[in-house]
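Source file input33.txt; content: compact mmCIF, C-alpha atoms.
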```txt
# COMPACT_ATOMS: atom_id res chain seq x y z
CA MET A 1 -1.20 11.83 58.91
CA LYS A 2 -4.85 12.48 58.11
CA SER A 3 -6.76 9.52 56.72
CA VAL A 4 -9.84 8.94 54.53
CA SER A 5 -11.51 5.95 52.89
CA VAL A 6 -12.32 5.31 49.25
CA ILE A 7 -14.75 2.49 48.60
CA GLY A 8 -14.41 0.86 45.18
CA GLY A 9 -11.48 0.21 42.87
CA GLY A 10 -12.98 1.21 39.54
CA LEU A 11 -12.08 4.23 37.43
CA ALA A 12 -13.68 6.75 39.78
CA GLY A 13 -12.38 5.17 42.98
CA CYS A 14 -8.83 4.81 41.68
CA GLU A 15 -8.75 8.38 40.38
CA ALA A 16 -10.12 9.69 43.69
CA ALA A 17 -7.68 7.63 45.76
CA TYR A 18 -4.73 8.82 43.69
CA VAL A 19 -5.55 12.54 43.81
CA ILE A 20 -6.23 12.39 47.56
CA ALA A 21 -2.98 10.51 48.21
CA GLU A 22 -1.06 13.01 46.08
CA SER A 23 -2.32 15.76 48.41
CA GLY A 24 -0.51 14.10 51.34
CA ILE A 25 -3.50 12.33 52.94
CA HIS A 26 -3.48 8.62 53.75
CA VAL A 27 -6.09 6.63 51.79
CA ASN A 28 -7.60 3.30 52.72
CA LEU A 29 -8.74 2.03 49.31
CA PHE A 30 -11.28 -0.78 49.74
CA GLU A 31 -11.96 -3.20 46.86
CA MET A 32 -13.98 -6.39 47.29
CA LYS A 33 -11.97 -8.32 44.69
CA PRO A 34 -10.47 -10.89 44.69
CA GLY A 35 -12.68 -12.24 47.47
CA LYS A 36 -15.86 -11.32 45.59
CA HIS A 37 -16.60 -10.40 41.98
CA SER A 38 -19.64 -8.69 40.49
CA PRO A 39 -21.42 -10.48 37.61
CA ALA A 40 -19.58 -8.30 35.08
CA HIS A 41 -16.02 -8.46 36.44
CA LYS A 42 -13.60 -11.25 35.51
CA THR A 43 -10.11 -10.22 36.73
CA ASP A 44 -8.64 -9.32 40.13
CA ASP A 45 -7.09 -6.04 38.97
CA LEU A 46 -8.37 -2.52 39.66
CA CYS A 47 -9.97 -0.36 36.97
CA GLU A 48 -11.28 -3.34 34.99
CA LEU A 49 -12.97 -2.21 31.77
CA VAL A 50 -16.01 -4.48 31.57
CA CYS A 51 -17.66 -3.12 28.40
CA SER A 52 -15.66 -1.65 25.50
CA ASN A 53 -11.93 -0.96 25.53
CA SER A 54 -12.58 2.43 23.91
CA LEU A 55 -12.53 5.72 25.78
CA ARG A 56 -14.13 7.25 22.68
CA SER A 57 -13.07 10.31 20.68
CA ASP A 58 -9.73 12.01 21.32
CA LYS A 59 -10.52 15.19 19.38
CA LEU A 60 -11.22 18.61 20.88
CA ASP A 61 -14.31 19.22 18.74
CA ASN A 62 -15.91 16.36 20.66
CA ALA A 63 -16.95 16.81 24.31
CA VAL A 64 -15.41 13.57 25.55
CA GLY A 65 -12.18 14.47 23.74
CA LEU A 66 -12.25 17.77 25.62
CA LEU A 67 -12.91 15.95 28.89
CA LYS A 68 -9.84 13.77 28.34
CA GLU A 69 -7.64 16.80 27.73
CA GLU A 70 -9.00 18.52 30.85
CA LEU A 71 -8.14 15.42 32.89
CA ARG A 72 -4.64 15.29 31.41
CA ARG A 73 -4.07 18.89 32.49
CA MET A 74 -5.26 17.96 36.00
CA ASP A 75 -2.61 15.18 36.16
CA SER A 76 -5.18 12.37 35.95
CA LEU A 77 -3.77 8.91 36.69
CA VAL A 78 -6.40 7.23 34.50
CA MET A 79 -5.54 9.38 31.48
CA ARG A 80 -1.79 8.96 31.93
CA ILE A 81 -2.06 5.17 31.98
CA ALA A 82 -4.63 5.19 29.15
CA ASP A 83 -2.25 7.15 26.95
CA GLU A 84 0.60 4.77 27.81
CA THR A 85 -1.44 1.62 27.02
CA ARG A 86 -3.30 2.88 23.94
CA VAL A 87 -3.90 0.67 20.91
CA PRO A 88 -4.73 1.80 17.35
CA ALA A 89 -8.31 3.13 17.07
CA GLY A 90 -8.38 5.89 14.46
CA GLY A 91 -9.55 9.16 16.00
CA ALA A 92 -10.50 7.44 19.26
CA LEU A 93 -8.49 6.50 22.34
CA ALA A 94 -8.68 2.76 22.96
CA VAL A 95 -6.50 0.79 25.37
CA ASP A 96 -5.20 -2.69 25.95
CA ARG A 97 -7.65 -3.38 28.74
CA THR A 98 -5.42 -5.95 30.50
CA ASP A 99 -2.31 -3.74 30.52
CA PHE A 100 -4.39 -0.71 31.51
CA SER A 101 -5.82 -2.42 34.60
CA LYS A 102 -2.50 -3.95 35.62
CA ARG A 103 -0.69 -0.62 35.35
CA ILE A 104 -3.29 1.22 37.43
CA THR A 105 -3.11 -1.52 40.06
CA GLU A 106 0.68 -1.32 40.19
CA GLU A 107 0.67 2.49 40.49
CA LEU A 108 -1.73 2.47 43.43
CA LYS A 109 -0.12 -0.46 45.23
CA LYS A 110 3.27 1.27 45.26
CA HIS A 111 1.95 4.69 46.34
CA PRO A 112 3.24 5.42 49.88
CA ASN A 113 -0.03 7.08 50.93
CA ILE A 114 -2.40 4.33 49.71
CA GLU A 115 -3.25 1.09 51.48
CA LEU A 116 -5.19 -1.31 49.24
CA ILE A 117 -7.53 -3.40 51.38
CA SER A 118 -9.31 -6.39 49.79
CA ARG A 119 -12.60 -6.38 51.65
CA GLU A 120 -16.26 -5.86 50.84
CA ILE A 121 -17.71 -2.85 52.63
CA THR A 122 -21.35 -3.20 53.64
CA GLU A 123 -21.76 -0.12 55.87
CA ILE A 124 -21.50 3.56 54.99
CA PRO A 125 -18.21 4.83 56.46
CA THR A 126 -18.40 7.22 59.40
CA GLU A 127 -15.02 8.80 58.52
CA PRO A 128 -14.55 11.12 55.51
CA ALA A 129 -15.00 8.96 52.43
CA VAL A 130 -15.70 8.63 48.72
CA ILE A 131 -18.14 5.88 47.76
CA ALA A 132 -17.36 4.83 44.18
CA THR A 133 -18.65 1.27 44.12
CA GLY A 134 -20.03 1.57 40.63
CA PRO A 135 -23.33 0.86 38.95
CA LEU A 136 -23.31 -2.78 40.10
CA THR A 137 -23.52 -1.79 43.77
CA ASP A 138 -25.89 -4.17 45.52
CA GLY A 139 -26.46 -6.08 48.73
CA ALA A 140 -26.11 -4.56 52.16
CA LEU A 141 -24.21 -1.45 51.02
CA MET A 142 -26.87 -0.55 48.45
CA ARG A 143 -29.62 -1.10 51.01
CA ASN A 144 -27.80 1.19 53.44
CA ILE A 145 -27.39 3.86 50.75
CA GLU A 146 -31.09 3.59 49.89
CA ASN A 147 -31.98 3.82 53.58
CA LEU A 148 -29.82 6.92 53.92
CA LEU A 149 -31.18 8.64 50.80
CA GLY A 150 -34.63 7.13 50.58
CA ASP A 151 -34.39 6.20 46.90
CA SER A 152 -32.31 4.97 43.97
CA LEU A 153 -32.81 4.11 40.31
CA HIS A 154 -31.56 1.45 37.92
CA PHE A 155 -31.16 0.61 34.26
CA PHE A 156 -29.60 -2.25 32.29
CA ASP A 157 -26.24 -2.08 30.54
CA ALA A 158 -24.61 -4.48 28.09
CA ALA A 159 -21.15 -5.43 26.80
CA ALA A 160 -20.03 -6.48 23.31
CA PRO A 161 -18.32 -9.78 22.45
CA ILE A 162 -14.59 -10.16 21.76
CA VAL A 163 -13.19 -12.50 19.07
CA THR A 164 -9.72 -13.68 18.03
CA LEU A 165 -8.12 -12.24 14.90
CA GLU A 166 -6.79 -15.61 13.74
CA SER A 167 -10.32 -17.06 13.62
CA LEU A 168 -11.59 -14.41 11.16
CA ASP A 169 -11.82 -14.84 7.40
CA MET A 170 -9.72 -11.88 6.26
CA ASN A 171 -10.70 -12.53 2.63
CA ARG A 172 -14.10 -11.06 3.57
CA ILE A 173 -12.72 -8.26 5.75
CA SER A 174 -10.81 -5.06 4.98
CA ARG A 175 -8.72 -2.81 7.21
CA ALA A 176 -9.56 0.90 7.31
CA SER A 177 -10.67 3.70 9.61
CA ARG A 178 -13.49 5.98 8.53
CA TYR A 179 -12.65 9.05 6.42
CA GLY A 180 -9.07 7.95 5.73
CA ARG A 181 -7.89 8.13 9.34
CA GLY A 182 -5.61 5.11 9.07
CA SER A 183 -6.30 1.38 9.00
CA ASP A 184 -7.11 0.63 12.62
CA TYR A 185 -10.52 -1.06 12.21
CA LEU A 186 -11.58 -4.32 10.61
CA ASN A 187 -14.56 -3.79 8.30
CA CYS A 188 -17.10 -6.48 7.43
CA PRO A 189 -19.12 -5.16 4.45
CA MET A 190 -22.67 -6.42 3.86
CA THR A 191 -24.82 -6.52 0.76
CA MET A 192 -28.46 -5.46 1.12
CA ARG A 193 -29.56 -9.10 1.25
CA GLU A 194 -26.92 -10.05 3.82
CA TYR A 195 -28.00 -7.11 5.96
CA TYR A 196 -31.72 -7.89 5.92
CA ASP A 197 -31.10 -11.61 6.53
CA PHE A 198 -28.94 -10.66 9.50
CA VAL A 199 -31.51 -8.25 10.95
CA ARG A 200 -34.30 -10.83 10.66
CA ALA A 201 -32.19 -13.42 12.47
CA LEU A 202 -31.13 -10.88 15.10
CA VAL A 203 -34.61 -9.70 16.09
CA SER A 204 -35.92 -13.27 16.39
CA ALA A 205 -32.94 -14.66 18.33
CA GLU A 206 -33.36 -15.89 21.90
CA THR A 207 -32.16 -13.60 24.68
CA ALA A 208 -30.90 -14.55 28.12
CA PRO A 209 -33.54 -14.14 30.86
CA LEU A 210 -33.40 -11.26 33.33
CA HIS A 211 -35.16 -12.92 36.25
CA GLU A 212 -35.36 -9.99 38.66
CA PHE A 213 -37.33 -7.54 36.55
CA GLU A 214 -40.33 -7.65 34.24
CA THR A 215 -39.66 -4.27 32.61
CA VAL A 216 -36.19 -3.64 31.22
CA ASN A 217 -34.98 -0.03 31.36
CA VAL A 218 -32.01 0.14 28.96
CA PHE A 219 -29.48 2.98 28.85
CA GLU A 220 -29.51 4.44 25.34
CA GLY A 221 -25.71 4.72 25.11
CA CYS A 222 -25.19 0.97 25.57
CA MET A 223 -28.39 -0.39 24.04
CA PRO A 224 -28.25 -4.09 23.09
CA VAL A 225 -27.95 -4.45 19.32
CA GLU A 226 -31.03 -6.70 19.20
CA VAL A 227 -33.12 -4.05 20.99
CA MET A 228 -31.89 -1.39 18.56
CA ALA A 229 -32.72 -3.62 15.57
CA LYS A 230 -36.32 -4.00 16.76
CA ARG A 231 -36.83 -0.24 16.37
CA GLY A 232 -36.84 -0.65 12.61
CA ASP A 233 -35.20 -2.60 9.81
CA LEU A 234 -32.85 0.27 8.93
CA THR A 235 -31.96 1.41 12.45
CA LEU A 236 -28.62 -0.40 12.43
CA ALA A 237 -27.79 0.72 8.88
CA TYR A 238 -28.16 4.33 10.01
CA GLY A 239 -26.48 3.62 13.36
CA PRO A 240 -23.43 1.49 14.23
CA LEU A 241 -23.45 -0.25 10.81
CA LYS A 242 -23.60 2.92 8.70
CA PRO A 243 -21.49 2.41 5.54
CA VAL A 244 -19.98 5.91 5.39
CA GLY A 245 -16.39 7.13 5.28
CA LEU A 246 -15.11 3.82 3.86
CA ALA A 247 -14.64 4.61 0.18
CA GLU A 248 -12.45 1.58 -0.63
CA CYS A 249 -14.69 -0.94 1.14
CA THR A 250 -16.76 -3.20 -1.15
CA ALA A 251 -19.29 -5.94 -0.41
CA SER A 252 -19.25 -9.49 -1.83
CA ASP A 253 -21.20 -8.38 -4.92
CA GLY A 254 -18.46 -5.87 -5.78
CA LYS A 255 -20.66 -2.89 -4.97
CA LYS A 256 -20.65 -0.27 -2.25
CA PRO A 257 -21.74 -1.99 0.97
CA PHE A 258 -25.28 -1.52 2.25
CA ALA A 259 -23.96 -1.80 5.82
CA VAL A 260 -20.59 -2.33 7.52
CA VAL A 261 -19.84 -4.07 10.83
CA GLN A 262 -16.62 -2.78 12.40
CA LEU A 263 -14.25 -4.55 14.79
CA ARG A 264 -11.84 -2.60 17.01
CA GLN A 265 -8.51 -3.84 18.38
CA ASP A 266 -8.84 -4.90 22.01
CA ASN A 267 -5.25 -5.66 23.08
CA SER A 268 -1.79 -4.28 22.31
CA GLU A 269 -0.74 -7.42 20.43
CA GLY A 270 -3.62 -7.01 17.99
CA THR A 271 -4.82 -10.59 18.48
CA LEU A 272 -8.23 -9.71 19.96
CA PHE A 273 -10.99 -7.52 18.50
CA ASN A 274 -14.38 -6.43 19.85
CA ILE A 275 -17.44 -6.02 17.64
CA VAL A 276 -18.20 -2.29 17.74
CA GLY A 277 -21.74 -1.40 18.83
CA PHE A 278 -22.71 -5.03 19.44
CA GLN A 279 -23.60 -4.89 23.11
CA THR A 280 -26.02 -7.77 23.53
CA ASN A 281 -28.15 -9.93 25.79
CA LEU A 282 -28.46 -12.84 23.34
CA ARG A 283 -27.79 -16.32 24.68
CA PHE A 284 -24.21 -17.37 23.99
CA GLY A 285 -25.21 -19.97 21.39
CA GLU A 286 -27.37 -17.42 19.61
CA GLN A 287 -24.50 -14.93 19.52
CA LYS A 288 -22.31 -17.47 17.75
CA ARG A 289 -25.11 -18.37 15.29
CA VAL A 290 -26.39 -14.87 14.46
CA PHE A 291 -23.09 -12.98 14.55
CA GLY A 292 -21.65 -15.77 12.41
CA MET A 293 -23.79 -14.34 9.60
CA ILE A 294 -21.54 -11.25 9.54
CA PRO A 295 -19.10 -11.54 6.59
CA GLY A 296 -15.80 -12.94 7.88
CA LEU A 297 -17.16 -14.09 11.25
CA ALA A 298 -18.59 -17.50 10.26
CA ASN A 299 -15.92 -19.34 12.25
CA ALA A 300 -15.11 -16.64 14.81
CA GLU A 301 -13.70 -17.81 18.14
CA TYR A 302 -15.18 -15.89 21.08
CA VAL A 303 -12.95 -15.18 24.06
CA ARG A 304 -15.81 -13.27 25.68
CA TYR A 305 -19.47 -13.33 24.77
CA GLY A 306 -21.63 -10.24 25.23
CA VAL A 307 -23.43 -9.94 28.56
CA MET A 308 -26.07 -7.73 30.16
CA HIS A 309 -26.25 -6.55 33.76
CA ARG A 310 -28.18 -4.22 36.02
CA ASN A 311 -26.76 -0.76 36.76
CA SER A 312 -27.89 1.34 39.72
CA PHE A 313 -27.60 5.09 40.14
CA LEU A 314 -28.66 7.69 42.69
CA GLN A 315 -31.22 10.47 42.48
CA SER A 316 -28.20 12.77 42.52
CA PRO A 317 -30.04 16.08 41.90
CA LYS A 318 -31.82 15.57 45.22
CA HIS A 319 -28.77 14.55 47.21
CA LEU A 320 -25.43 15.68 45.75
CA THR A 321 -23.67 19.04 45.41
CA PRO A 322 -21.59 20.09 42.38
CA PHE A 323 -18.58 18.89 44.41
CA TYR A 324 -20.05 15.32 44.53
CA SER A 325 -20.57 15.59 48.29
CA LEU A 326 -23.79 14.62 50.02
CA ARG A 327 -25.99 17.61 50.85
CA GLU A 328 -26.88 16.00 54.17
CA ARG A 329 -23.27 15.16 55.10
CA GLU A 330 -20.44 17.22 53.64
CA ASP A 331 -17.64 14.71 54.30
CA LEU A 332 -19.34 11.87 52.38
CA PHE A 333 -18.75 11.97 48.62
CA PHE A 334 -20.01 9.78 45.81
CA ALA A 335 -18.30 9.30 42.44
CA GLY A 336 -18.54 7.27 39.26
CA GLN A 337 -21.53 5.85 37.46
CA LEU A 338 -23.38 5.51 40.75
CA THR A 339 -23.87 9.31 40.57
CA GLY A 340 -25.37 9.31 37.07
CA VAL A 341 -22.33 10.16 34.98
CA GLU A 342 -22.07 7.65 32.14
CA GLY A 343 -18.86 6.39 30.57
CA TYR A 344 -15.30 5.51 31.50
CA VAL A 345 -13.84 9.01 31.15
CA GLU A 346 -16.84 10.60 32.84
CA SER A 347 -16.39 8.24 35.81
CA ALA A 348 -12.73 9.16 36.11
CA SER A 349 -13.71 12.84 35.92
CA SER A 350 -16.13 12.50 38.84
CA GLY A 351 -13.51 10.63 40.85
CA LEU A 352 -10.95 13.35 40.25
CA ALA A 353 -13.38 16.14 41.25
CA ALA A 354 -14.63 14.25 44.32
CA GLY A 355 -11.07 13.40 45.38
CA ILE A 356 -9.85 16.97 45.02
CA ASN A 357 -12.74 18.30 47.07
CA LEU A 358 -12.57 15.68 49.81
CA ALA A 359 -8.86 16.39 50.20
CA ARG A 360 -9.56 20.12 50.37
CA LEU A 361 -12.31 19.57 52.95
CA VAL A 362 -9.98 17.50 55.14
CA ASN A 363 -7.28 20.20 54.78
CA ASN A 364 -9.79 22.96 55.68
CA ARG A 365 -9.72 24.56 52.25
CA PRO A 366 -12.72 25.78 50.21
CA GLN A 367 -14.21 23.44 47.61
CA ILE A 368 -13.29 23.80 43.93
CA ASP A 369 -16.13 24.39 41.47
CA PHE A 370 -14.94 23.51 37.97
CA THR A 371 -18.02 25.41 36.68
CA ARG A 372 -20.13 24.63 33.64
CA ARG A 373 -17.45 26.24 31.47
CA THR A 374 -15.53 22.95 31.67
CA ALA A 375 -16.60 19.41 30.79
CA ILE A 376 -15.56 18.24 34.28
CA GLY A 377 -17.75 20.87 35.90
CA ALA A 378 -20.65 20.55 33.47
CA LEU A 379 -21.07 16.89 34.41
CA ALA A 380 -20.93 17.74 38.11
CA HIS A 381 -23.56 20.46 37.70
CA TYR A 382 -25.76 18.23 35.54
CA ILE A 383 -25.98 15.43 38.09
CA SER A 384 -26.50 17.83 41.00
CA GLU A 385 -28.82 20.41 39.41
CA TYR A 386 -30.94 18.59 36.81
CA ASN A 387 -34.52 19.76 37.28
CA GLY A 388 -36.43 17.73 34.69
CA SER A 389 -38.98 15.02 35.38
CA SER A 390 -36.78 11.99 34.67
CA PHE A 391 -33.12 12.06 35.72
CA GLN A 392 -31.04 9.70 33.55
CA PRO A 393 -27.28 9.00 33.25
CA MET A 394 -25.40 11.44 31.04
CA ASN A 395 -22.27 11.32 28.89
CA ALA A 396 -20.07 14.38 28.38
CA ASN A 397 -21.57 16.69 25.76
CA PHE A 398 -21.41 20.34 24.80
CA GLY A 399 -25.14 20.77 25.42
CA ILE A 400 -24.71 20.75 29.21
CA MET A 401 -21.89 23.31 29.16
CA GLU A 402 -22.29 27.05 29.63
CA THR A 403 -23.01 28.66 26.26
CA LEU A 404 -20.66 31.10 24.59
CA PRO A 405 -21.68 34.73 24.07
CA ASP A 406 -21.63 35.48 20.34
CA ALA A 407 -20.89 31.83 19.58
CA PRO A 408 -19.86 30.94 16.00
CA ARG A 409 -22.75 29.54 13.96
CA ASP A 410 -20.58 26.82 12.48
CA LYS A 411 -20.88 23.84 14.82
CA ARG A 412 -17.26 22.70 14.63
CA ARG A 413 -15.92 26.20 15.22
CA ARG A 414 -18.37 26.63 18.11
CA PHE A 415 -17.25 23.38 19.73
CA GLU A 416 -13.59 24.30 19.29
CA ALA A 417 -14.25 27.69 20.92
CA LEU A 418 -16.02 25.99 23.84
CA SER A 419 -13.03 23.67 24.21
CA GLN A 420 -10.50 26.50 24.21
CA ARG A 421 -12.45 28.38 26.90
CA ALA A 422 -12.75 25.17 28.93
CA LEU A 423 -9.02 24.45 28.77
CA GLN A 424 -8.18 28.00 29.82
CA THR A 425 -10.48 27.56 32.82
CA VAL A 426 -8.93 24.20 33.74
CA ASP A 427 -5.40 25.58 33.38
CA SER A 428 -6.33 28.38 35.77
CA ILE A 429 -7.73 25.91 38.33
CA ALA A 430 -4.69 23.62 38.01
CA ALA A 431 -2.31 26.56 38.51
CA LYS A 432 -4.26 27.72 41.57
CA LEU A 433 -4.13 24.25 43.14
CA LYS A 434 -0.38 23.92 42.53
CA GLN A 435 0.27 27.36 44.02
CA GLN A 436 -1.69 26.42 47.14
CA GLU A 437 0.22 23.14 47.40
CA ARG A 438 3.54 24.99 47.29
CA LYS A 439 2.40 27.36 50.05
CA MET A 440 1.28 24.42 52.19
CA ILE A 441 4.65 22.66 51.76
CA LYS A 442 6.53 25.86 52.77
CA ALA A 443 4.28 26.25 55.82
```
Final structure tokens representation of the file:
Amino acid sequence: MKSVSVIGGGLAGCEAAYVIAESGIHVNLFEMKPGKHSPAHKTDDLCELVCSNSLRSDKLDNAVGLLKEELRRMDSLVMRIADETRVPAGGALAVDRTDFSKRITEELKKHPNIELISREITEIPTEPAVIATGPLTDGALMRNIENLLGDSLHFFDAAAPIVTLESLDMNRISRASRYGRGSDYLNCPMTMREYYDFVRALVSAETAPLHEFETVNVFEGCMPVEVMAKRGDLTLAYGPLKPVGLAECTASDGKKPFAVVQLRQDNSEGTLFNIVGFQTNLRFGEQKRVFGMIPGLANAEYVRYGVMHRNSFLQSPKHLTPFYSLREREDLFFAGQLTGVEGYVESASSGLAAGINLARLVNNRPQIDFTRRTAIGALAHYISEYNGSSFQPMNANFGIMETLPDAPRDKRRRFEALSQRALQTVDSIAAKLKQQERKMIKA
């Protein structure tokens, strides 16, 4: 049996390993845990979600919702397990992060074509491989990648705190999702005075030191709440704390809230909730003090405080193809946030595309280009073809997809039309791959 290596047991690595193994190729899946953990990882399971437990919107008029549906139609392992471990989150897909990781680990451990090897890899493999070691890649492996490519970039990322439901004052909190989409979120309404007092305390709070770097380059999509607040007194009120779509929510003065902090369920039992949009680098004591000013959180018990960590990514437009393979070496693929895709679903998408194409390379078949008509392909083309002056990580969005001729002027209708074209393209690719698999089995 032919054999390849996948380095890294995160979302991209697990998706790549699974799709390669499903093609009949043996996979050595290397994961450094449990022998070694990164600063952000706490458990020994694969596919650990270190930031939010949300995979974001699940609607087709949203690009990440489209990306999820494309992955489902490509038989994605990550999406199957995410759907099976989902917890209430309104129009979003959120998962019980513990069950999600355990289920992925179990699926890969029992796969007959996958051998899970607990070992840190410090050298670039000489055999066909996918490197999906994530944005926290460091040490000897990162130095070897930098020596091979001649460069790399970095930014800082942050995670939000998680609190227990039983420690919250539910007399100050209401349950509702925005725009009447159920009652999945906990809402902490603020008066104008409570909001401004909170913002003043937040911007003056003490942050944890980042010893390695003098200048902090923060990714916009996971900006620490204290950094966002320093952009202006009303930045949070027009951002994650916007008081819209919550008609029945009232503040302590009986009026419409000036701002609303939302908490999202973090486990299937509904005993843990994360504070939405509150990625932070505040010292732990400061988190308890300042976040305790949020209505209902005065006595909150934290099972995980927010943390901040360095993320690295490649100059992918210089080095990678739209198949996620290295231009200088066609049998070496990269996947995940190390390539410059940003987000859980985006990482899984890159792993699926890289895995499909490595398997096809090993089986002497032409590479599959998902094209910019799909969200999967648009991300691949963005990271490999960006020609601006400052390459930065990118989430799925309709702006990087191929435009529609005679597109509807209405934005929602336009996005829905883009999604329908994308799904037709993905269905065609999936059917082609299955037909080729059947021919190979007969042969």
> Skipping near chain neighbours, those fewer than 3 positions away, what residues fall within 7 Å of region 259-273 of chain A using all atoms listed in the file, listed as a ChimeraX atom specification?
Replying inline: /A:53,87-89,95-97,162-165,185-191,195,237,241-243,276
>> List the spatial neighbours of Met394 (chain A) as an MDAnalysis selection string - criterion: any atom at most 12 Å away, only C-alpha atoms, same-chain residues fewer than 4 positions off excluded.
In response: chainID A and resid 64 219:222 313 316 336:347 375 378:384 386 390 398:400
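Using all atoms listed in the file, the shortest contact distance between Glu194 (chain A) and any of A:Val290, A:Val227, A:Leu136, A:Met142 is found at A:Val290.
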Quick one: which region 347-428 of chain A residues come within 12 Å of region 70-74 of chain A, and what is the nearest atom pair for each with the distance in Å to one decimal, counting all atoms listed in the file, rows ordered by chain and ascending number, as CSV?
```
residue,atom,partner,partner_atom,distance
A:Ser347,CA,A:Leu71,CA,11.3
A:Ala348,CA,A:Leu71,CA,8.4
A:Ser349,CA,A:Leu71,CA,6.8
A:Ser350,CA,A:Leu71,CA,10.4
A:Gly351,CA,A:Leu71,CA,10.7
A:Leu352,CA,A:Leu71,CA,8.1
A:Ala353,CA,A:Met74,CA,9.8
A:Gly355,CA,A:Met74,CA,11.9
A:Ile356,CA,A:Met74,CA,10.2
A:Phe370,CA,A:Glu70,CA,10.5
A:Arg373,CA,A:Glu70,CA,11.5
A:Thr374,CA,A:Glu70,CA,7.9
A:Ala375,CA,A:Glu70,CA,7.7
A:Ile376,CA,A:Glu70,CA,7.4
A:Gly377,CA,A:Glu70,CA,10.4
A:Ser419,CA,A:Glu70,CA,9.3
A:Gln420,CA,A:Glu70,CA,10.5
A:Arg421,CA,A:Glu70,CA,11.2
A:Ala422,CA,A:Glu70,CA,7.9
A:Leu423,CA,A:Glu70,CA,6.3
A:Gln424,CA,A:Glu70,CA,9.6
A:Thr425,CA,A:Glu70,CA,9.4
A:Val426,CA,A:Glu70,CA,6.4
A:Asp427,CA,A:Arg73,CA,6.9
A:Ser428,CA,A:Arg73,CA,10.3
```
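Straight-line separation from CA of Met32 (chain A) to CA of Cys47 (chain A): 12.6 Å.
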>> So, with only C-alpha atoms as the atoms that count, which of A:Pro128, A:Gly65, A:Gly245, A:Gly9 lies closest to Gly91 (chain A)?
In response: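 Checking each of A:Pro128, A:Gly65, A:Gly245, A:Gly9 against Gly91 (chain A), counting only C-alpha atoms, the winner is A:Gly65.
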>> Using only C-alpha atoms, can you tell me which of A:Ala63, A:Leu358, A:Val4, A:Leu246 comes closest to Glu127 (chain A)?
In response: A:Val4
>> Measuring between all atoms listed in the file, which one of A:Ile173, A:Ala16, A:Val50, A:Ile81 shows the shortest distance to Ala159 (chain A)?
In response: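 Checking each of A:Ile173, A:Ala16, A:Val50, A:Ile81 against Ala159 (chain A), counting all atoms listed in the file, the winner is A:Val50.
For the atom pair formed by CA of Arg80 (chain A) and CA of Pro135 (chain A), the distance is 24.1 Å, given to one decimal.
Of the residues under consideration (A:Gln436, A:Ser325, A:Gln392, A:Ser52), A:Ser325 shows the shortest atom-to-atom contact distance to Ala129 (chain A) when counting all atoms listed in the file.
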> Expressed in Å to a single decimal, how great is the separation between CA of Cys249 (chain A) and CA of Asp58 (chain A)?
Replying inline: 24.5 Å
> Quick one: of A:Lys432, A:Arg175, A:Arg119, A:His37, who's nearest to Ile7 (chain A), counting all atoms listed in the file?
Replying inline: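 Smallest distance to Ile7 (chain A) is found for A:Arg119.
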> Which protein, DNA or RNA residues have an atom at most 12 Å from (-9.8, -1.4, 34.7), counting only C-alpha atoms? List them as a ChimeraX atom specification.
Replying inline: /A:8-15,40-55,78,81-82,85,95-106,344-345,347-348
